[in-house]
$ cat start01.cif   # mmCIF, C-alpha atoms
data_upload
#
loop_
_atom_site.group_PDB
_atom_site.id
_atom_site.type_symbol
_atom_site.label_atom_id
_atom_site.label_comp_id
_atom_site.auth_asym_id
_atom_site.auth_seq_id
_atom_site.Cartn_x
_atom_site.Cartn_y
_atom_site.Cartn_z
ATOM 1 C CA MET H 1263 -19.198 -29.835 3.472
ATOM 2 C CA SER H 1264 -18.758 -26.293 4.850
ATOM 3 C CA THR H 1265 -15.757 -24.146 3.914
ATOM 4 C CA PRO H 1266 -13.310 -23.507 6.784
ATOM 5 C CA PHE H 1267 -12.948 -19.967 8.106
ATOM 6 C CA ALA H 1268 -10.489 -18.198 5.798
ATOM 7 C CA GLY H 1269 -9.641 -15.184 7.952
ATOM 8 C CA HIS H 1270 -6.906 -14.479 10.453
ATOM 9 C CA TRP H 1271 -7.477 -15.070 14.148
ATOM 10 C CA GLU H 1272 -5.490 -15.164 17.369
ATOM 11 C CA GLN H 1273 -5.987 -16.858 20.728
ATOM 12 C CA LEU H 1274 -5.348 -15.392 24.167
ATOM 13 C CA GLY H 1275 -5.531 -17.614 27.251
ATOM 14 C CA THR H 1276 -7.068 -21.049 27.752
ATOM 15 C CA GLY H 1277 -10.324 -22.468 29.044
ATOM 16 C CA THR H 1278 -13.897 -21.446 28.275
ATOM 17 C CA PRO H 1279 -14.103 -20.151 24.665
ATOM 18 C CA ILE H 1280 -14.983 -16.474 24.252
ATOM 19 C CA LEU H 1281 -15.330 -15.046 20.729
ATOM 20 C CA CYS H 1282 -14.245 -11.377 20.548
ATOM 21 C CA ILE H 1283 -15.422 -9.245 17.613
ATOM 22 C CA SER H 1284 -13.775 -5.890 16.921
ATOM 23 C CA GLY H 1285 -15.321 -2.671 15.656
ATOM 24 C CA PHE H 1286 -15.481 -0.599 12.501
ATOM 25 C CA ALA H 1287 -12.334 -0.124 10.397
ATOM 26 C CA SER H 1288 -10.083 -1.867 12.898
ATOM 27 C CA SER H 1289 -8.556 -5.278 13.484
ATOM 28 C CA ASN H 1290 -8.334 -7.261 16.694
ATOM 29 C CA TRP H 1291 -5.569 -5.075 18.197
ATOM 30 C CA MET H 1292 -8.346 -2.874 19.577
ATOM 31 C CA LEU H 1293 -9.276 -5.585 22.096
ATOM 32 C CA HIS H 1294 -5.830 -6.812 23.154
ATOM 33 C CA ASP H 1295 -5.169 -4.465 26.083
ATOM 34 C CA LEU H 1296 -8.680 -4.891 27.466
ATOM 35 C CA LEU H 1297 -8.485 -8.676 27.433
ATOM 36 C CA ALA H 1298 -4.856 -9.213 28.446
ATOM 37 C CA PRO H 1299 -5.658 -9.062 32.199
ATOM 38 C CA LEU H 1300 -8.345 -11.725 31.665
ATOM 39 C CA ARG H 1301 -6.126 -14.340 30.006
ATOM 40 C CA ASN H 1302 -6.638 -16.688 32.978
ATOM 41 C CA GLN H 1303 -10.417 -16.330 32.705
ATOM 42 C CA GLY H 1304 -10.899 -18.123 29.400
ATOM 43 C CA CYS H 1305 -9.792 -18.750 25.837
ATOM 44 C CA PHE H 1306 -10.305 -15.446 24.003
ATOM 45 C CA ILE H 1307 -10.580 -15.968 20.236
ATOM 46 C CA LEU H 1308 -9.885 -12.739 18.333
ATOM 47 C CA PRO H 1309 -10.543 -12.818 14.586
ATOM 48 C CA ASP H 1310 -9.902 -9.984 12.159
ATOM 49 C CA ASN H 1311 -13.077 -8.992 10.312
ATOM 50 C CA ARG H 1312 -13.208 -9.478 6.541
ATOM 51 C CA GLY H 1313 -10.733 -7.197 4.809
ATOM 52 C CA MET H 1314 -9.261 -5.929 8.080
ATOM 53 C CA GLY H 1315 -5.903 -6.635 9.711
ATOM 54 C CA ARG H 1316 -4.422 -9.863 8.425
ATOM 55 C CA SER H 1317 -7.655 -11.308 7.055
ATOM 56 C CA PRO H 1318 -7.899 -11.561 3.243
ATOM 57 C CA LEU H 1319 -9.396 -8.650 1.341
ATOM 58 C CA ALA H 1320 -13.108 -9.041 0.662
ATOM 59 C CA PRO H 1321 -13.558 -9.261 -3.145
ATOM 60 C CA THR H 1322 -17.157 -7.985 -3.077
ATOM 61 C CA GLY H 1323 -19.673 -6.396 -0.761
ATOM 62 C CA TYR H 1324 -21.189 -8.380 2.082
ATOM 63 C CA ARG H 1325 -23.648 -8.071 4.959
ATOM 64 C CA LEU H 1326 -22.918 -8.143 8.663
ATOM 65 C CA GLN H 1327 -24.870 -11.422 8.662
ATOM 66 C CA ASP H 1328 -22.001 -12.799 6.582
ATOM 67 C CA LEU H 1329 -19.529 -11.840 9.306
ATOM 68 C CA ALA H 1330 -21.747 -13.626 11.835
ATOM 69 C CA ALA H 1331 -21.658 -16.705 9.593
ATOM 70 C CA ASP H 1332 -17.859 -16.399 9.330
ATOM 71 C CA TYR H 1333 -17.541 -16.601 13.093
ATOM 72 C CA LEU H 1334 -19.975 -19.454 13.525
ATOM 73 C CA GLN H 1335 -17.797 -21.319 11.040
ATOM 74 C CA LEU H 1336 -14.655 -20.382 12.980
ATOM 75 C CA MET H 1337 -16.142 -21.746 16.191
ATOM 76 C CA ASP H 1338 -17.169 -24.912 14.315
ATOM 77 C CA ASP H 1339 -13.615 -25.268 13.018
ATOM 78 C CA LEU H 1340 -12.274 -24.957 16.560
ATOM 79 C CA GLY H 1341 -14.786 -27.469 17.922
ATOM 80 C CA HIS H 1342 -16.567 -25.030 20.252
ATOM 81 C CA GLU H 1343 -20.249 -25.968 20.374
ATOM 82 C CA GLN H 1344 -20.988 -23.328 23.019
ATOM 83 C CA PHE H 1345 -19.165 -20.090 23.754
ATOM 84 C CA ALA H 1346 -19.496 -16.543 25.033
ATOM 85 C CA ILE H 1347 -19.193 -13.450 22.803
ATOM 86 C CA ILE H 1348 -17.729 -10.005 23.352
ATOM 87 C CA GLY H 1349 -18.783 -7.504 20.666
ATOM 88 C CA LEU H 1350 -17.207 -4.045 20.416
ATOM 89 C CA SER H 1351 -19.108 -1.219 18.654
ATOM 90 C CA MET H 1352 -19.797 -2.612 15.131
ATOM 91 C CA GLY H 1353 -18.702 -5.972 16.532
ATOM 92 C CA GLY H 1354 -21.708 -5.677 18.841
ATOM 93 C CA PHE H 1355 -23.967 -5.626 15.766
ATOM 94 C CA VAL H 1356 -22.354 -8.826 14.522
ATOM 95 C CA ALA H 1357 -22.584 -10.381 17.988
ATOM 96 C CA GLN H 1358 -26.324 -9.704 18.125
ATOM 97 C CA LEU H 1359 -26.855 -11.253 14.688
ATOM 98 C CA LEU H 1360 -24.808 -14.324 15.592
ATOM 99 C CA THR H 1361 -26.659 -14.796 18.887
ATOM 100 C CA GLN H 1362 -30.008 -14.480 17.127
ATOM 101 C CA ALA H 1363 -28.926 -16.987 14.452
ATOM 102 C CA ALA H 1364 -27.598 -19.581 16.920
ATOM 103 C CA PRO H 1365 -29.164 -18.854 20.330
ATOM 104 C CA HIS H 1366 -28.479 -22.358 21.648
ATOM 105 C CA ARG H 1367 -24.732 -21.864 21.166
ATOM 106 C CA VAL H 1368 -24.134 -18.506 22.858
ATOM 107 C CA LYS H 1369 -23.903 -18.803 26.658
ATOM 108 C CA ARG H 1370 -23.143 -15.177 27.519
ATOM 109 C CA LEU H 1371 -22.987 -11.929 25.576
ATOM 110 C CA VAL H 1372 -21.031 -8.730 26.326
ATOM 111 C CA LEU H 1373 -21.876 -5.637 24.252
ATOM 112 C CA LEU H 1374 -19.583 -2.605 24.474
ATOM 113 C CA CYS H 1375 -20.286 0.906 23.089
ATOM 114 C CA THR H 1376 -22.851 -0.408 20.643
ATOM 115 C CA SER H 1377 -26.426 -0.048 19.434
ATOM 116 C CA SER H 1378 -28.838 -2.108 17.350
ATOM 117 C CA ALA H 1379 -31.017 -1.986 14.243
ATOM 118 C CA GLY H 1380 -34.406 -0.328 13.956
ATOM 119 C CA GLU H 1381 -35.928 3.133 14.064
ATOM 120 C CA SER H 1382 -36.369 3.056 17.877
ATOM 121 C CA PHE H 1383 -32.616 3.477 18.256
ATOM 122 C CA LYS H 1384 -31.193 6.989 17.995
ATOM 123 C CA ALA H 1385 -28.977 7.675 14.983
ATOM 124 C CA LEU H 1386 -25.262 7.182 15.454
ATOM 125 C CA PHE H 1387 -23.160 10.346 15.308
ATOM 126 C CA PRO H 1388 -21.457 11.204 13.116
ATOM 127 C CA ILE H 1389 -22.424 8.916 10.224
ATOM 128 C CA MET H 1390 -20.513 10.521 7.380
ATOM 129 C CA PRO H 1391 -21.666 10.252 3.763
ATOM 130 C CA ARG H 1392 -19.771 7.533 1.932
ATOM 131 C CA GLN H 1393 -17.739 10.037 -0.115
ATOM 132 C CA GLN H 1394 -16.712 11.893 3.031
ATOM 133 C CA VAL H 1395 -15.399 8.626 4.492
ATOM 134 C CA ALA H 1396 -13.416 8.048 1.302
ATOM 135 C CA ASP H 1397 -12.073 11.617 1.417
ATOM 136 C CA LEU H 1398 -11.032 11.191 5.041
ATOM 137 C CA TYR H 1399 -8.903 8.195 4.078
ATOM 138 C CA HIS H 1400 -7.074 10.277 1.502
ATOM 139 C CA LEU H 1401 -5.702 12.577 4.204
ATOM 140 C CA PRO H 1402 -2.183 11.892 5.503
ATOM 141 C CA PRO H 1403 -2.523 8.956 7.933
ATOM 142 C CA GLU H 1404 -1.847 10.808 11.182
ATOM 143 C CA ALA H 1405 -4.125 13.715 10.229
ATOM 144 C CA ARG H 1406 -6.904 11.254 9.381
ATOM 145 C CA ILE H 1407 -6.495 9.348 12.646
ATOM 146 C CA ARG H 1408 -6.492 12.504 14.767
ATOM 147 C CA ALA H 1409 -9.576 13.783 12.924
ATOM 148 C CA ALA H 1410 -11.374 10.510 13.706
ATOM 149 C CA LEU H 1411 -10.497 10.945 17.405
ATOM 150 C CA SER H 1412 -11.364 14.660 17.560
ATOM 151 C CA LEU H 1413 -13.367 16.384 20.314
ATOM 152 C CA PRO H 1414 -16.736 16.213 18.479
ATOM 153 C CA ILE H 1415 -16.359 12.413 18.326
ATOM 154 C CA CYS H 1416 -14.339 11.510 21.442
ATOM 155 C CA PRO H 1417 -14.743 14.558 23.713
ATOM 156 C CA LEU H 1418 -12.754 13.206 26.674
ATOM 157 C CA LEU H 1419 -10.057 11.066 25.078
ATOM 158 C CA SER H 1420 -7.354 13.646 24.285
ATOM 159 C CA VAL H 1421 -8.277 15.990 27.159
ATOM 160 C CA ARG H 1422 -8.711 13.612 30.091
ATOM 161 C CA TYR H 1423 -6.815 10.545 28.878
ATOM 162 C CA PRO H 1424 -3.932 11.984 26.784
ATOM 163 C CA GLU H 1425 -1.681 8.918 27.194
ATOM 164 C CA VAL H 1426 -4.465 6.631 25.953
ATOM 165 C CA TYR H 1427 -5.119 9.044 23.082
ATOM 166 C CA GLU H 1428 -1.500 8.997 21.920
ATOM 167 C CA GLU H 1429 -1.335 5.212 22.230
ATOM 168 C CA VAL H 1430 -4.459 4.809 20.066
ATOM 169 C CA VAL H 1431 -2.943 7.154 17.463
ATOM 170 C CA ARG H 1432 0.276 5.147 17.508
ATOM 171 C CA LYS H 1433 -1.493 1.808 17.125
ATOM 172 C CA ARG H 1434 -3.755 3.073 14.354
ATOM 173 C CA LEU H 1435 -0.660 4.252 12.481
ATOM 174 C CA VAL H 1436 0.762 0.738 12.795
ATOM 175 C CA HIS H 1437 -2.526 -0.976 11.903
ATOM 176 C CA GLN H 1438 -3.796 0.996 8.911
ATOM 177 C CA GLU H 1439 -6.718 -0.347 6.906
ATOM 178 C CA ASN H 1440 -7.446 -0.394 3.162
ATOM 179 C CA VAL H 1441 -9.905 2.370 2.210
ATOM 180 C CA GLU H 1442 -11.848 0.173 -0.233
ATOM 181 C CA GLN H 1443 -12.301 -2.442 2.482
ATOM 182 C CA VAL H 1444 -13.429 0.233 4.936
ATOM 183 C CA LEU H 1445 -16.068 1.372 2.427
ATOM 184 C CA LEU H 1446 -17.357 -2.191 1.985
ATOM 185 C CA GLN H 1447 -17.695 -2.430 5.761
ATOM 186 C CA TYR H 1448 -19.383 0.996 5.825
ATOM 187 C CA ASP H 1449 -22.019 -0.271 3.356
ATOM 188 C CA ALA H 1450 -22.638 -3.353 5.508
ATOM 189 C CA VAL H 1451 -23.093 -1.225 8.644
ATOM 190 C CA LEU H 1452 -25.598 1.097 6.959
ATOM 191 C CA ALA H 1453 -27.595 -1.878 5.667
ATOM 192 C CA PHE H 1454 -27.718 -3.306 9.205
ATOM 193 C CA LEU H 1455 -28.873 -0.014 10.731
ATOM 194 C CA ASP H 1456 -31.676 0.187 8.155
ATOM 195 C CA SER H 1457 -32.953 -3.284 9.092
ATOM 196 C CA HIS H 1458 -34.832 -4.617 12.121
ATOM 197 C CA LEU H 1459 -33.532 -7.046 14.708
ATOM 198 C CA ASP H 1460 -35.709 -8.984 17.129
ATOM 199 C CA LEU H 1461 -33.779 -8.450 20.347
ATOM 200 C CA ALA H 1462 -36.310 -10.552 22.274
ATOM 201 C CA ALA H 1463 -34.784 -13.576 20.524
ATOM 202 C CA ILE H 1464 -31.521 -13.035 22.456
ATOM 203 C CA ALA H 1465 -32.129 -15.166 25.539
ATOM 204 C CA CYS H 1466 -28.648 -15.544 27.028
ATOM 205 C CA PRO H 1467 -27.409 -13.394 29.926
ATOM 206 C CA THR H 1468 -26.149 -10.125 28.449
ATOM 207 C CA LEU H 1469 -23.957 -7.351 29.818
ATOM 208 C CA VAL H 1470 -24.305 -3.964 28.113
ATOM 209 C CA LEU H 1471 -21.423 -1.566 28.826
ATOM 210 C CA ALA H 1472 -21.427 2.088 27.789
ATOM 211 C CA GLY H 1473 -19.594 5.361 28.400
ATOM 212 C CA ASP H 1474 -21.737 8.070 29.930
ATOM 213 C CA GLN H 1475 -20.473 10.704 27.461
ATOM 214 C CA ASP H 1476 -20.363 8.598 24.297
ATOM 215 C CA LEU H 1477 -21.240 10.890 21.382
ATOM 216 C CA MET H 1478 -20.762 8.189 18.754
ATOM 217 C CA VAL H 1479 -23.409 5.860 20.222
ATOM 218 C CA PRO H 1480 -26.009 7.723 22.321
ATOM 219 C CA LEU H 1481 -26.329 6.405 25.861
ATOM 220 C CA ALA H 1482 -30.077 6.097 25.293
ATOM 221 C CA ASN H 1483 -29.317 3.237 22.891
ATOM 222 C CA ALA H 1484 -27.518 1.285 25.615
ATOM 223 C CA HIS H 1485 -30.551 1.712 27.873
ATOM 224 C CA LEU H 1486 -32.818 0.513 25.051
ATOM 225 C CA LEU H 1487 -30.623 -2.531 24.420
ATOM 226 C CA ALA H 1488 -30.808 -3.447 28.096
ATOM 227 C CA GLU H 1489 -34.583 -3.028 28.071
ATOM 228 C CA ARG H 1490 -35.225 -5.073 24.939
ATOM 229 C CA ILE H 1491 -32.838 -7.975 25.519
ATOM 230 C CA PRO H 1492 -34.758 -10.088 28.055
ATOM 231 C CA ASN H 1493 -31.882 -11.105 30.338
ATOM 232 C CA ALA H 1494 -29.688 -8.003 30.075
ATOM 233 C CA GLN H 1495 -28.036 -5.684 32.571
ATOM 234 C CA LEU H 1496 -26.535 -2.261 31.887
ATOM 235 C CA THR H 1497 -23.359 -0.829 33.406
ATOM 236 C CA VAL H 1498 -22.456 2.778 32.588
ATOM 237 C CA ILE H 1499 -18.818 3.825 32.988
ATOM 238 C CA PRO H 1500 -18.664 7.442 34.265
ATOM 239 C CA ASP H 1501 -16.495 10.188 32.757
ATOM 240 C CA THR H 1502 -15.789 8.267 29.536
ATOM 241 C CA ASP H 1503 -16.766 8.429 25.872
ATOM 242 C CA HIS H 1504 -16.828 5.919 22.977
ATOM 243 C CA LEU H 1505 -13.417 4.468 23.865
ATOM 244 C CA PHE H 1506 -14.342 3.959 27.522
ATOM 245 C CA PHE H 1507 -12.927 0.415 27.408
ATOM 246 C CA LEU H 1508 -9.461 1.943 26.923
ATOM 247 C CA GLU H 1509 -9.975 5.066 29.023
ATOM 248 C CA LYS H 1510 -10.941 3.016 32.098
ATOM 249 C CA GLN H 1511 -9.541 -0.318 30.987
ATOM 250 C CA ALA H 1512 -9.055 -1.876 34.444
ATOM 251 C CA GLU H 1513 -12.614 -1.043 35.527
ATOM 252 C CA VAL H 1514 -14.149 -2.421 32.330
ATOM 253 C CA SER H 1515 -12.018 -5.578 32.468
ATOM 254 C CA HIS H 1516 -13.230 -6.108 36.040
ATOM 255 C CA HIS H 1517 -16.899 -5.847 35.012
ATOM 256 C CA ILE H 1518 -16.358 -8.319 32.154
ATOM 257 C CA ALA H 1519 -14.457 -10.734 34.398
ATOM 258 C CA GLN H 1520 -17.217 -10.724 37.005
ATOM 259 C CA PHE H 1521 -19.892 -11.293 34.379
ATOM 260 C CA LEU H 1522 -18.090 -14.133 32.614
ATOM 261 C CA ALA H 1523 -17.212 -15.822 35.923
ATOM 262 C CA ARG H 1524 -20.876 -16.430 36.761
ATOM 263 C CA ASP H 1525 -20.978 -19.459 34.454
ATOM 264 C CA GLN H 1526 -18.009 -20.951 36.271
ATOM 265 C CA ASN H 1527 -19.661 -20.452 39.671
ATOM 266 C CA HIS H 1528 -22.865 -22.330 38.850
#

$ encode --input "start01.cif" --output "structure tokens"
Amino acid sequence: MSTPFAGHWEQLGTGTPILCISGFASSNWMLHDLLAPLRNQGCFILPDNRGMGRSPLAPTGYRLQDLAADYLQLMDDLGHEQFAIIGLSMGGFVAQLLTQAAPHRVKRLVLLCTSSAGESFKALFPIMPRQQVADLYHLPPEARIRAALSLPICPLLSVRYPEVYEEVVRKRLVHQENVEQVLLQYDAVLAFLDSHLDLAAIACPTLVLAGDQDLMVPLANAHLLAERIPNAQLTVIPDTDHLFFLEKQAEVSHHIAQFLARDQNH
């Protein structure tokens, strides 16, 4: 008998199940504002990744495949045989792995500000050495958060979207993560990026969303995702960077709503 999902999760809305996987070093708060306008569109299931938010601390290292297995178990526990997935940044890696592992279960896939595994994809910027990540987390919290949202990483956020910038700083101060857990997740991400993923095995309709000035994940990677996933479409959000889903939240929510609604119209 399988072990029930042990992590924390929340539910937003009712109807068609949609699993929502957050990004690196963050819990599910990162997706709340984006999905709140869509609460009548489906049942959004928002887990916290291992060691993040209110999920238990991970006692040892793990792979992103283990997170994919966590979420398949969660959907089993909830009785959802088929569901859609929204994957944000690192959550997009997990979403790809889950869809590849259980292609018959995933009806639709939304990938935001993400990339994939393999040498064809351009390197993410900036991937800090492990010790530099650890050192960053020893800065005072607000200094660390502002450094992680600086112009070389998010060139438009503080300049063009200052209210969004300050709100992200505020929420990251409220939702601070454990440095040891961040480093375990860092190791899992690097292992994924050094692997190879057969994107041709992802058969479900897929929406790839990207910011046109994303320095963290090169836009070329979004184009490559859309080319290699057989039934994918790409939408680029102009005048945005890695946090485009917050910078132009209403526009991105609209694109997701239209894409998810296609199942309900057929």

$ residues_around --input "start01.cif" --residues "segment 1367-1384 of chain H" --least-positions-apart "5" --cutoff "7 Å" --atoms "all atoms listed in the file" --output "ChimeraX atom specification"
/H:1343-1352,1354-1355,1361,1454-1459,1466-1473,1479-1480,1483-1484,1487,1504

$ atom_distance --input "start01.cif" --atom1 "atom CA of Gly1269 of chain H" --atom2 "atom CA of Tyr1399 of chain H"
23.7 Å

$ residues_around --input "start01.cif" --residues "Leu1296 of chain H" --least-positions-apart "5" --cutoff "8 Å" --atoms "only C-alpha atoms" --output "PyMOL selection string"
chain H and resi 1507-1508+1511-1512+1514-1515

$ atom_distance --input "start01.cif" --atom1 "atom CA of Gln1273 of chain H" --atom2 "atom CA of Gln1495 of chain H"
27.4 Å

$ residues_around --input "start01.cif" --residues "Gln1443 of chain H" --least-positions-apart "3" --cutoff "12 Å" --atoms "all atoms listed in the file" --output "PyMOL selection string"
chain H and resi 1286-1289+1311-1315+1317-1324+1395-1396+1399+1438-1440+1446-1450

$ atom_distance --input "start01.cif" --atom1 "atom CA of Pro1388 of chain H" --atom2 "atom CA of Ala1410 of chain H"
10.1 Å

$ closest_residue --input "start01.cif" --among "H:Gly1275, H:Pro1492, H:Gly1285, H:Gly1353" --to "Pro1299 of chain H" --atoms "only C-alpha atoms"
H:Gly1275
